file final_12.csv (CSV, C-alpha atoms)
chain,number,residue,atom,x,y,z
A,1,GLY,CA,121.2,31.5,-251.0
A,2,THR,CA,125.0,31.4,-250.9
A,3,ASP,CA,126.8,34.8,-250.9
A,4,PRO,CA,129.3,35.3,-253.8
A,5,GLY,CA,132.9,34.2,-253.0
A,6,THR,CA,136.2,34.1,-254.7
A,7,GLY,CA,136.8,30.3,-255.2
A,8,PRO,CA,137.1,29.3,-258.9
A,9,GLY,CA,134.6,26.6,-260.1
A,10,THR,CA,136.0,23.5,-261.6
A,11,GLU,CA,134.5,20.5,-263.4
A,12,PRO,CA,133.5,17.8,-260.9
A,13,GLU,CA,136.5,15.6,-259.9
A,14,THR,CA,134.4,13.1,-258.0
A,15,GLU,CA,132.0,11.6,-260.6
A,16,PRO,CA,128.5,10.8,-259.4
A,17,GLY,CA,127.3,7.4,-260.6
A,18,THR,CA,124.2,5.3,-260.4
A,19,ILE,CA,122.5,4.6,-257.1
A,20,PRO,CA,120.3,1.6,-256.8
A,21,GLY,CA,116.9,3.0,-255.9
A,22,ASP,CA,113.3,1.9,-255.5
A,23,ASN,CA,111.2,1.5,-258.6
A,24,PRO,CA,109.1,4.7,-258.6
A,25,SER,CA,106.1,2.8,-260.1
A,26,PRO,CA,103.9,0.7,-257.8
A,27,ALA,CA,105.3,-2.8,-257.3
A,28,ALA,CA,103.6,-5.7,-259.0
A,29,GLY,CA,100.8,-7.3,-257.0
A,30,ALA,CA,97.1,-8.1,-257.0
A,31,ALA,CA,94.2,-6.2,-258.5
A,32,LEU,CA,90.7,-5.6,-257.3
A,33,LYS,CA,88.0,-4.0,-259.5
A,34,LEU,CA,85.7,-1.8,-257.5
A,35,ALA,CA,82.0,-2.0,-258.1
A,36,ALA,CA,81.2,1.6,-258.7
A,37,ALA,CA,77.8,3.3,-259.1
A,38,SER,CA,76.7,3.4,-262.7
A,39,SER,CA,76.3,7.2,-262.6
A,40,PRO,CA,77.7,10.0,-260.4
A,41,ASP,CA,75.6,11.7,-257.8
A,42,ALA,CA,74.3,15.2,-258.0
A,43,ALA,CA,77.7,16.7,-257.2
A,44,GLY,CA,79.4,14.7,-260.0
A,45,VAL,CA,81.0,12.2,-257.6
A,46,ALA,CA,81.2,8.5,-258.6
A,47,LYS,CA,81.4,6.3,-255.5
A,48,ALA,CA,82.6,2.8,-254.7
A,49,ALA,CA,83.6,0.8,-251.7
A,50,ALA,CA,85.9,-2.1,-250.9
A,51,THR,CA,85.2,-4.4,-248.0
A,52,GLN,CA,87.9,-5.9,-245.8
A,53,ALA,CA,87.0,-9.4,-247.0
A,54,ALA,CA,87.3,-8.5,-250.6
A,55,ILE,CA,90.6,-6.8,-250.1
A,56,GLU,CA,92.0,-9.7,-248.0
A,57,GLN,CA,90.9,-12.2,-250.7
A,58,ALA,CA,92.6,-10.2,-253.4
A,59,LEU,CA,95.8,-9.9,-251.3
A,60,ALA,CA,95.8,-13.7,-250.8
A,61,GLY,CA,96.3,-14.2,-254.5
A,62,ALA,CA,99.5,-12.2,-254.6
A,63,PRO,CA,102.7,-13.0,-252.5
A,64,GLY,CA,103.8,-9.3,-252.4
A,65,GLY,CA,103.6,-5.9,-253.9
A,66,THR,CA,100.7,-3.4,-254.2
A,67,LEU,CA,97.0,-4.1,-254.3
A,68,THR,CA,95.6,-2.0,-257.1
A,69,LEU,CA,92.0,-0.9,-256.6
A,70,ASP,CA,90.7,-0.3,-260.1
A,71,PHE,CA,88.0,2.3,-260.1
A,72,PRO,CA,86.3,2.0,-263.6
A,73,LYS,CA,85.5,5.2,-265.5
A,74,VAL,CA,82.0,6.5,-264.8
A,75,GLU,CA,80.6,8.7,-267.6
A,76,GLY,CA,80.1,12.3,-266.5
A,77,ALA,CA,82.0,11.9,-263.2
A,78,ARG,CA,84.0,14.9,-262.0
A,79,ALA,CA,85.4,13.1,-259.0
A,80,TYR,CA,85.9,9.6,-257.7
A,81,GLU,CA,85.4,8.6,-254.0
A,82,ALA,CA,86.5,5.2,-252.7
A,83,ALA,CA,85.6,4.0,-249.2
A,84,LEU,CA,88.1,1.6,-247.6
A,85,PRO,CA,88.4,-0.1,-244.2
A,86,ALA,CA,90.2,2.3,-241.9
A,87,PRO,CA,92.4,-0.5,-240.3
A,88,LEU,CA,94.1,-1.1,-243.6
A,89,LEU,CA,95.6,2.3,-243.6
A,90,THR,CA,96.6,2.5,-239.9
A,91,GLU,CA,100.1,2.0,-238.6
A,92,GLY,CA,100.6,-1.6,-237.5
A,93,SER,CA,98.4,-3.0,-240.2
A,94,ALA,CA,99.8,-6.1,-241.9
A,95,ALA,CA,98.3,-5.2,-245.2
A,96,ARG,CA,100.4,-4.0,-248.1
A,97,GLN,CA,100.0,-0.6,-249.7
A,98,LEU,CA,96.9,0.1,-251.8
A,99,ALA,CA,96.9,1.9,-255.1
A,100,LEU,CA,93.6,3.6,-256.0
A,101,GLN,CA,93.5,3.9,-259.8
A,102,THR,CA,91.1,6.3,-261.5
A,103,GLU,CA,90.9,8.1,-264.8
A,104,PHE,CA,92.2,11.3,-263.2
A,105,GLY,CA,95.2,9.6,-261.5
A,106,THR,CA,96.4,6.9,-259.2
A,107,ILE,CA,97.1,7.4,-255.5
A,108,THR,CA,99.3,4.8,-253.7
A,109,LEU,CA,98.4,4.7,-250.0
A,110,PRO,CA,100.8,3.3,-247.5
A,111,ASN,CA,99.5,1.2,-244.6
A,112,ASP,CA,100.8,3.6,-242.0
A,113,MET,CA,99.0,6.7,-243.3
A,114,PHE,CA,97.3,7.1,-239.9
A,115,LYS,CA,98.5,6.7,-236.3
A,116,PRO,CA,96.3,4.3,-234.3
A,117,GLY,CA,94.8,7.1,-232.3
A,118,GLU,CA,93.7,8.9,-235.4
A,119,THR,CA,91.4,6.1,-236.6
A,120,ALA,CA,90.3,4.8,-233.2
A,121,GLY,CA,86.6,4.0,-233.4
A,122,LYS,CA,86.5,4.8,-237.1
A,123,ALA,CA,85.3,2.2,-239.6
A,124,ASN,CA,86.0,3.7,-243.0
A,125,VAL,CA,88.4,6.0,-244.8
A,126,SER,CA,87.1,7.7,-247.9
A,127,ILE,CA,89.5,9.1,-250.4
A,128,THR,CA,88.3,11.5,-253.1
A,129,LEU,CA,90.2,12.4,-256.2
A,130,LYS,CA,88.7,15.3,-258.2
A,131,GLN,CA,89.8,17.1,-261.3
A,132,VAL,CA,89.3,20.9,-260.9
A,133,GLY,CA,89.7,24.0,-263.0
A,134,THR,CA,91.7,27.1,-262.4
A,135,ALA,CA,88.9,29.6,-262.0
A,136,GLY,CA,89.8,30.6,-258.5
A,137,PHE,CA,93.5,31.1,-259.1
A,138,ALA,CA,95.4,34.3,-259.8
A,139,ASP,CA,96.0,35.2,-263.4
A,140,ASP,CA,99.7,34.4,-263.3
A,141,VAL,CA,99.0,31.0,-261.8
A,142,LYS,CA,96.3,30.3,-264.4
A,143,THR,CA,98.8,31.2,-267.2
A,144,ALA,CA,101.5,28.9,-265.8
A,145,ILE,CA,99.1,26.0,-265.5
A,146,GLY,CA,97.4,26.5,-268.9
A,147,ASP,CA,95.4,23.5,-269.9
A,148,ARG,CA,97.4,21.0,-267.8
A,149,PRO,CA,95.6,18.9,-265.2
A,150,VAL,CA,94.8,20.2,-261.7
A,151,ILE,CA,93.6,17.7,-259.1
A,152,ASP,CA,92.2,18.0,-255.6
A,153,ILE,CA,92.6,15.2,-253.0
A,154,THR,CA,90.5,15.0,-249.9
A,155,ILE,CA,90.1,12.4,-247.2
A,156,MET,CA,87.3,11.6,-244.7
A,157,LEU,CA,87.0,9.4,-241.6
A,158,ASP,CA,83.4,8.0,-241.3
A,159,GLY,CA,82.1,10.8,-243.5
A,160,THR,CA,83.9,13.7,-241.8
A,161,THR,CA,86.6,15.5,-243.7
A,162,THR,CA,90.0,15.4,-241.9
A,163,ALA,CA,93.1,17.4,-242.5
A,164,TRP,CA,95.5,14.4,-243.0
A,165,ASN,CA,99.2,15.3,-242.8
A,166,ASN,CA,101.9,12.7,-242.2
A,167,PRO,CA,105.4,13.6,-243.5
A,168,LYS,CA,106.6,10.1,-242.4
A,169,ALA,CA,104.2,8.2,-244.6
A,170,PRO,CA,104.0,10.1,-248.0
A,171,VAL,CA,101.4,9.2,-250.5
A,172,ARG,CA,102.5,8.7,-254.1
A,173,VAL,CA,100.4,10.4,-256.7
A,174,ALA,CA,100.5,9.7,-260.5
A,175,ILE,CA,98.6,11.9,-262.9
A,176,PRO,CA,98.2,10.9,-266.6
A,177,TYR,CA,99.9,13.5,-268.8
A,178,GLN,CA,101.0,13.8,-272.4
A,179,PRO,CA,103.7,16.4,-272.8
A,180,SER,CA,103.7,18.8,-275.7
A,181,GLN,CA,106.5,18.6,-278.3
A,182,ALA,CA,108.2,21.5,-276.7
A,183,GLU,CA,108.0,19.9,-273.3
A,184,ARG,CA,109.5,16.6,-274.7
A,185,ASN,CA,112.6,18.5,-275.6
A,186,GLN,CA,113.2,19.3,-271.9
A,187,LEU,CA,111.2,16.9,-269.7
A,188,ASP,CA,112.9,18.1,-266.5
A,189,GLY,CA,110.7,21.3,-266.8
A,190,ILE,CA,107.6,19.2,-266.1
A,191,THR,CA,106.9,19.4,-262.4
A,192,VAL,CA,104.1,19.9,-259.8
A,193,TRP,CA,102.9,22.8,-257.7
A,194,TYR,CA,101.0,22.5,-254.5
A,195,LEU,CA,98.2,25.2,-254.3
A,196,ASP,CA,97.2,26.3,-250.8
A,197,GLY,CA,93.7,27.6,-249.8
A,198,THR,CA,94.4,31.0,-251.3
A,199,GLY,CA,95.7,29.5,-254.6
A,200,ARG,CA,99.3,30.4,-253.8
A,201,PRO,CA,101.7,27.9,-255.5
A,202,THR,CA,104.6,26.1,-253.8
A,203,PRO,CA,106.9,23.8,-255.9
A,204,VAL,CA,106.7,20.1,-255.0
A,205,THR,CA,110.4,19.1,-255.4
A,206,SER,CA,109.6,15.4,-256.0
A,207,GLY,CA,107.4,16.3,-259.1
A,208,ARG,CA,108.6,14.7,-262.3
A,209,TYR,CA,107.4,13.2,-265.6
A,210,GLU,CA,107.8,9.4,-266.0
A,211,ALA,CA,108.0,8.5,-269.7
A,212,SER,CA,107.6,4.8,-269.0
A,213,THR,CA,104.2,5.3,-267.5
A,214,GLY,CA,103.1,8.5,-269.2
A,215,THR,CA,102.4,10.1,-265.8
A,216,VAL,CA,103.5,13.0,-263.7
A,217,THR,CA,104.4,11.7,-260.3
A,218,PHE,CA,105.0,13.3,-256.9
A,219,LEU,CA,105.0,12.5,-253.2
A,220,ALA,CA,102.3,14.2,-251.0
A,221,THR,CA,102.5,14.4,-247.3
A,222,HIS,CA,99.2,16.3,-247.0
A,223,PHE,CA,96.1,16.5,-249.2
A,224,SER,CA,95.1,19.6,-251.1
A,225,SER,CA,95.1,20.9,-254.8
A,226,TYR,CA,98.1,20.0,-257.0
A,227,ALA,CA,98.8,21.2,-260.6
A,228,VAL,CA,101.0,20.0,-263.3
A,229,VAL,CA,103.1,22.8,-264.6
A,230,TYR,CA,106.0,23.4,-267.0
A,231,VAL,CA,108.8,25.5,-265.6
A,232,THR,CA,112.0,26.6,-267.4
A,233,LYS,CA,114.8,28.4,-265.6
A,234,THR,CA,118.2,29.6,-266.8
A,235,PHE,CA,120.9,31.9,-265.5
A,236,SER,CA,123.2,34.4,-267.3
A,237,ASP,CA,126.5,33.3,-265.8
A,238,LEU,CA,126.7,29.7,-266.9
A,239,ALA,CA,129.1,30.2,-269.8
A,240,GLY,CA,132.0,27.8,-269.3
A,241,TYR,CA,129.9,25.5,-267.2
A,242,SER,CA,128.2,23.5,-270.0
A,243,TRP,CA,128.8,20.3,-268.0
A,244,ALA,CA,126.6,21.6,-265.2
A,245,GLN,CA,124.0,23.7,-267.1
A,246,LYS,CA,121.4,21.0,-267.4
A,247,PRO,CA,121.6,19.9,-263.7
A,248,ILE,CA,121.5,23.5,-262.6
A,249,GLU,CA,118.5,24.4,-264.7
A,250,ALA,CA,116.6,21.2,-263.9
A,251,LEU,CA,117.0,21.6,-260.2
A,252,ALA,CA,116.0,25.3,-260.4
A,253,ALA,CA,112.8,24.3,-262.3
A,254,LYS,CA,112.0,21.8,-259.5
A,255,GLY,CA,112.5,24.4,-256.8
A,256,ILE,CA,115.4,22.5,-255.3
A,257,ILE,CA,118.1,25.0,-256.0
A,258,ALA,CA,118.1,28.7,-256.6
A,259,GLY,CA,120.5,31.4,-257.8
A,260,ILE,CA,121.9,34.2,-255.8
A,261,SER,CA,119.5,36.4,-257.8
A,262,GLU,CA,116.9,35.8,-260.5
A,263,THR,CA,119.5,35.9,-263.2
A,264,ALA,CA,122.8,34.9,-261.5
A,265,PHE,CA,123.8,31.4,-260.2
A,266,SER,CA,127.5,32.0,-259.3
A,267,PRO,CA,128.4,28.4,-260.3
A,268,GLY,CA,132.1,28.7,-259.3
A,269,VAL,CA,131.4,29.9,-255.7
A,270,ALA,CA,132.2,27.6,-252.9
A,271,ILE,CA,129.0,26.4,-251.3
A,272,LYS,CA,128.4,26.9,-247.6
A,273,ARG,CA,127.8,24.0,-245.2
A,274,ALA,CA,124.2,25.1,-244.3
A,275,ASP,CA,123.3,25.6,-248.0
A,276,PHE,CA,124.6,22.1,-248.9
A,277,VAL,CA,122.5,20.5,-246.1
A,278,LEU,CA,119.4,22.5,-247.2
A,279,LEU,CA,119.8,21.3,-250.9
A,280,LEU,CA,120.5,17.7,-249.8
A,281,MET,CA,117.4,17.6,-247.7
A,282,ARG,CA,115.3,19.0,-250.5
A,283,THR,CA,116.8,16.5,-253.0
A,284,MET,CA,116.3,13.5,-250.7
A,285,GLY,CA,112.7,14.6,-249.8
A,286,PHE,CA,113.2,13.9,-246.1
A,287,PRO,CA,110.3,15.1,-243.9
A,288,SER,CA,111.0,17.7,-241.3
A,289,GLN,CA,112.3,16.4,-238.0
A,290,ALA,CA,112.5,18.4,-234.8
A,291,ALA,CA,115.9,18.6,-233.0
A,292,ALA,CA,117.8,21.0,-230.8
A,293,SER,CA,119.4,23.8,-232.7
A,294,PHE,CA,123.2,24.2,-233.0
A,295,ALA,CA,124.5,27.1,-231.1
A,296,ASP,CA,125.4,28.9,-234.3
A,297,ALA,CA,122.4,27.8,-236.4
A,298,GLY,CA,119.5,29.5,-234.8
A,299,ALA,CA,115.8,28.6,-235.4
A,300,SER,CA,115.2,31.8,-237.3
A,301,ALA,CA,117.7,31.0,-240.1
A,302,TYR,CA,116.4,30.1,-243.5
A,303,TYR,CA,118.3,26.8,-243.3
A,304,ALA,CA,117.2,26.0,-239.7
A,305,ASP,CA,114.6,23.3,-240.6
A,306,ALA,CA,117.0,21.5,-242.9
A,307,VAL,CA,119.9,21.5,-240.4
A,308,GLN,CA,117.6,20.4,-237.6
A,309,THR,CA,116.2,17.6,-239.7
A,310,ALA,CA,119.7,16.5,-240.7
A,311,ARG,CA,120.7,16.5,-237.0
A,312,ALA,CA,117.6,14.5,-235.9
A,313,LEU,CA,118.3,11.9,-238.6
A,314,GLY,CA,121.9,11.5,-237.6
A,315,ILE,CA,123.2,13.0,-240.9
A,316,ALA,CA,124.8,16.1,-239.4
A,317,ASP,CA,126.4,16.0,-236.0
A,318,GLY,CA,128.2,19.4,-236.2
A,319,SER,CA,131.8,20.4,-235.8
A,320,GLY,CA,132.0,20.0,-232.1
A,321,ASP,CA,131.0,22.1,-229.1
A,322,ASN,CA,127.4,22.1,-230.4
A,323,ARG,CA,128.4,24.2,-233.4
A,324,PHE,CA,127.7,23.6,-237.1
A,325,GLN,CA,129.7,26.4,-238.8
A,326,PRO,CA,126.8,27.1,-241.2
A,327,GLU,CA,128.6,29.9,-243.0
A,328,ALA,CA,131.8,28.1,-243.7
A,329,ALA,CA,132.5,26.5,-247.1
A,330,ILE,CA,131.9,22.8,-246.9
A,331,SER,CA,134.9,20.6,-247.5
A,332,ARG,CA,134.7,17.8,-250.1
A,333,GLN,CA,135.1,15.1,-247.4
A,334,ASP,CA,132.2,16.6,-245.3
A,335,MET,CA,130.1,16.9,-248.5
A,336,MET,CA,130.7,13.2,-249.2
A,337,ALA,CA,130.1,12.1,-245.6
A,338,LEU,CA,126.8,13.9,-245.4
A,339,THR,CA,125.7,12.5,-248.7
A,340,ALA,CA,126.6,9.0,-247.7
A,341,ARG,CA,124.7,9.3,-244.4
A,342,ALA,CA,121.6,10.6,-246.2
A,343,LEU,CA,121.7,7.8,-248.8
A,344,ARG,CA,122.1,5.3,-246.0
A,345,ILE,CA,119.1,6.8,-244.1
A,346,ALA,CA,117.1,6.5,-247.3
A,347,GLY,CA,118.1,2.8,-247.7
A,348,GLN,CA,120.1,3.6,-250.9
A,349,LEU,CA,123.5,2.8,-249.4
A,350,PRO,CA,123.6,-0.5,-247.5
A,351,ALA,CA,126.2,-0.9,-244.9
A,352,ALA,CA,129.0,-3.2,-246.0
A,353,THR,CA,131.3,-5.2,-243.7
A,354,LEU,CA,134.2,-4.8,-246.2
A,355,GLN,CA,134.8,-1.3,-247.4
A,356,PRO,CA,137.1,-0.4,-250.3
A,357,SER,CA,140.4,1.0,-249.2
A,358,LEU,CA,141.4,4.6,-249.8
A,359,ALA,CA,145.0,3.6,-250.2
A,360,GLY,CA,144.6,3.7,-254.0
A,361,PHE,CA,144.3,7.5,-253.8
A,362,LYS,CA,147.4,9.6,-253.5
A,363,ASP,CA,145.8,11.7,-250.8
A,364,GLY,CA,143.7,9.0,-249.1
A,365,VAL,CA,145.7,9.4,-245.9
A,366,ASP,CA,144.4,13.0,-245.7
A,367,VAL,CA,140.8,11.8,-245.3
A,368,ALA,CA,139.5,12.2,-241.7
A,369,ASP,CA,138.6,9.1,-239.7
A,370,TYR,CA,134.9,10.1,-239.5
A,371,ALA,CA,134.7,10.3,-243.3
A,372,GLN,CA,136.5,7.2,-244.4
A,373,ALA,CA,133.7,4.7,-244.3
A,374,SER,CA,131.3,7.2,-246.0
A,375,ILE,CA,133.7,7.9,-248.8
A,376,SER,CA,134.5,4.2,-249.2
A,377,GLY,CA,130.7,3.5,-249.5
A,378,LEU,CA,130.3,6.1,-252.2
A,379,ILE,CA,133.3,4.6,-254.0
A,380,ARG,CA,131.7,1.2,-253.8
A,381,LEU,CA,128.6,2.6,-255.5
A,382,GLY,CA,130.6,4.4,-258.2
A,383,ILE,CA,129.6,7.8,-257.0
A,384,VAL,CA,133.2,8.8,-256.1
A,385,GLU,CA,136.0,8.0,-258.5
A,386,GLY,CA,138.5,10.8,-257.8
A,387,ASP,CA,140.5,12.7,-260.4
A,388,GLY,CA,144.0,11.7,-261.4
A,389,GLY,CA,144.2,9.6,-258.2
A,390,TYR,CA,143.3,12.4,-255.9
A,391,LEU,CA,140.2,12.8,-253.6
A,392,ARG,CA,141.0,16.4,-252.5
A,393,PRO,CA,139.1,15.8,-249.2
A,394,LEU,CA,140.0,19.2,-247.7
A,395,ALA,CA,139.1,21.3,-250.8
A,396,SER,CA,135.9,23.2,-251.1
A,397,THR,CA,133.1,22.3,-253.5
A,398,SER,CA,131.5,24.7,-256.0
A,399,ARG,CA,127.8,25.3,-256.5
A,400,ALA,CA,128.1,23.8,-260.0
A,401,GLU,CA,129.7,20.6,-258.7
A,402,ILE,CA,127.0,20.3,-256.0
A,403,ALA,CA,124.2,20.7,-258.7
A,404,VAL,CA,125.7,17.9,-260.8
A,405,LEU,CA,125.9,15.6,-257.7
A,406,LEU,CA,122.4,16.3,-256.5
A,407,TYR,CA,120.9,16.0,-260.0
A,408,ARG,CA,122.2,12.6,-260.5
A,409,ILE,CA,121.1,11.5,-257.0
A,410,TYR,CA,117.6,13.0,-257.8
A,411,GLN,CA,117.4,11.0,-261.1
A,412,SER,CA,118.4,7.8,-259.5
A,413,LEU,CA,116.0,8.2,-256.7
A,414,GLY,CA,113.0,8.5,-259.0
A,415,GLY,CA,111.8,11.6,-256.9
A,416,ASN,CA,111.6,9.5,-253.8

call {"tool": "encode", "arguments": {"input": "final_12.csv", "output": "structure tokens"}}
result
Amino acid sequence: GTDPGTGPGTEPETEPGTIPGDNPSPAAGAALKLAAASSPDAAGVAKAAATQAAIEQALAGAPGGTLTLDFPKVEGARAYEAALPAPLLTEGSAARQLALQTEFGTITLPNDMFKPGETAGKANVSITLKQVGTAGFADDVKTAIGDRPVIDITIMLDGTTTAWNNPKAPVRVAIPYQPSQAERNQLDGITVWYLDGTGRPTPVTSGRYEASTGTVTFLATHFSSYAVVYVTKTFSDLAGYSWAQKPIEALAAKGIIAGISETAFSPGVAIKRADFVLLLMRTMGFPSQAAASFADAGASAYYADAVQTARALGIADGSGDNRFQPEAAISRQDMMALTARALRIAGQLPAATLQPSLAGFKDGVDVADYAQASISGLIRLGIVEGDGGYLRPLASTSRAEIAVLLYRIYQSLGGN
């Protein structure tokens, strides 16, 4: 968290706007209905398989998009298992992504889930989606979940369970869900928890409710148990920050942002450089990347993984002399430069040969050379508009301002 400071908080003077993002729903494409067993086996598992020939034939009928594998409902089934040709989910495959659709949820599988060495000599990949109860969880976890769905996803290679984990090729999961009336009043509170082998929950920051599809969606980089939950969070020091209250509370519910304590957020405090990078990485959902540590941002720091990932991706290059200055307040121009680089890495900010000029801003000449192209790109997207003709590139940024910026990016990205 960020230590309290003395800088006053102000309403955002750079207004975040809409970012063109990927459609969070699977793209239009072909469909293939799986031939499932008429009844589940003794363990309650309904099984089906799709051959390479059937999938290729279905793909031939669609010029692009996702192939949906429709697994029909089997009465009495507690789980659904689909066997697929392993080459279709191995890096280098020419096939498009596959969406396994069952009554318990839909899993969209990228064609680079596995590295070639992981599937060498393997013929089939079997994905199992199971709806489970909360009997083995702690009482507080049971209470938080209530009667909301909990699913468990497992994967096997030629019948042997494997611990798949690939942060670079996330799987998109969509669980059918009907919010209660109370939840409809604050849909941002609907999110997802990952439950480890001991039942301990961890927020999945990409978890969100999609009203258009009636599903709770999230991105998974490993398979385990996942629960739909409803989380509300507020802080006692948000008076005077009505313009930032919803973003702050929504990001806190998702596990993206936190207060300096359970009850205090310190919205007017200037945010530190390391804390901004940490929040930006969480919002963007970038997988961890290894990189050399900055001399002043050691591997044991709570922000170390985020800063190293930002460095590995080319988002953060430090302040010179292999230093990052993690404890310093981040300037507005650095905040905008880092944001633009992150959006560009995510494919949300295309490079442009002609950038808008900063001459229209009274302090445009104060923007450092390294930040000019990034800020111009954000202006082009409508994220940065300035205030009264000023950019204030050297001023600090408050925690409330950052929450508003990140919340709007989060919304536009659809959790991706």

call {"tool": "residues_near_point", "arguments": {"input": "final_12.csv", "point": "(88.7, 10.6, -255.8)", "cutoff": "8 Å", "atoms": "all atoms listed in the file", "output": "PyMOL selection string"}}
result
chain A and resi 79-82+102+127-130+153-154

call {"tool": "residues_around", "arguments": {"input": "final_12.csv", "residues": "Ala292 (chain A)", "least_positions_apart": "2", "cutoff": "8 Å", "atoms": "all atoms listed in the file", "output": "PyMOL selection string"}}
result
chain A and resi 290+294+308

call {"tool": "closest_residue", "arguments": {"input": "final_12.csv", "among": "A:Leu238, A:Ala342, A:Leu88, A:Leu195", "to": "Ala138 (chain A)", "atoms": "only C-alpha atoms"}}
result
A:Leu195

call {"tool": "closest_residue", "arguments": {"input": "final_12.csv", "among": "A:Asn322, A:Thr397, A:Asn124, A:Thr160", "to": "Phe276 (chain A)", "atoms": "all atoms listed in the file"}}
result
A:Thr397

call {"tool": "residues_around", "arguments": {"input": "final_12.csv", "residues": "region 374-377 of chain A", "least_positions_apart": "4", "cutoff": "12 Å", "atoms": "only C-alpha atoms", "output": "MDAnalysis selection string"}}
result
chainID A and resid 14 19 315 332:344 348:361 364 367:370 381:386 391:393

call {"tool": "residues_around", "arguments": {"input": "final_12.csv", "residues": "Ala163 (chain A)", "least_positions_apart": "6", "cutoff": "8 Å", "atoms": "all atoms listed in the file", "output": "list in words"}}
result
Ile155, His222 and Phe223 of chain A

call {"tool": "closest_residue", "arguments": {"input": "final_12.csv", "among": "A:Thr68, A:Thr232, A:Asn166, A:Ser180", "to": "Gln289 (chain A)", "atoms": "all atoms listed in the file"}}
result
A:Asn166

call {"tool": "closest_residue", "arguments": {"input": "final_12.csv", "among": "A:Leu100, A:Val216, A:Ile271, A:Val228", "to": "Glu401 (chain A)", "atoms": "all atoms listed in the file"}}
result
A:Ile271

call {"tool": "atom_distance", "arguments": {"input": "final_12.csv", "atom1": "CA of Val141 (chain A)", "atom2": "CA of Val171 (chain A)"}}
result
24.7 Å

call {"tool": "atom_distance", "arguments": {"input": "final_12.csv", "atom1": "CA of Phe114 (chain A)", "atom2": "CA of Gln97 (chain A)"}}
result
12.8 Å

call {"tool": "residues_around", "arguments": {"input": "final_12.csv", "residues": "Leu89 (chain A)", "least_positions_apart": "6", "cutoff": "8 Å", "atoms": "all atoms listed in the file", "output": "NGL selection string"}}
result
:A and (109-114)

call {"tool": "closest_residue", "arguments": {"input": "final_12.csv", "among": "A:Ile402, A:Ala54, A:Pro326, A:Ala42", "to": "Ala244 (chain A)", "atoms": "only C-alpha atoms"}}
result
A:Ile402

call {"tool": "closest_residue", "arguments": {"input": "final_12.csv", "among": "A:Lys233, A:Lys142, A:Lys33, A:Arg380", "to": "Lys254 (chain A)", "atoms": "only C-alpha atoms"}}
result
A:Lys233

call {"tool": "residues_near_point", "arguments": {"input": "final_12.csv", "point": "(106.3, 22.1, -267.9)", "cutoff": "8 Å", "atoms": "all atoms listed in the file", "output": "list in words"}}
result
Pro179, Glu183, Leu187, Asp188, Gly189, Ile190, Thr191, Val228, Val229, Tyr230, Val231 and Thr232 of chain A

call {"tool": "residues_around", "arguments": {"input": "final_12.csv", "residues": "Leu251 (chain A)", "least_positions_apart": "6", "cutoff": "10 Å", "atoms": "all atoms listed in the file", "output": "NGL selection string"}}
result
:A and (188-189 or 205 or 233 or 257-258 or 279 or 283 or 403-404 or 406-407 or 410)

call {"tool": "atom_distance", "arguments": {"input": "final_12.csv", "atom1": "CA of Val74 (chain A)", "atom2": "CA of Ala46 (chain A)"}}
result
6.6 Å
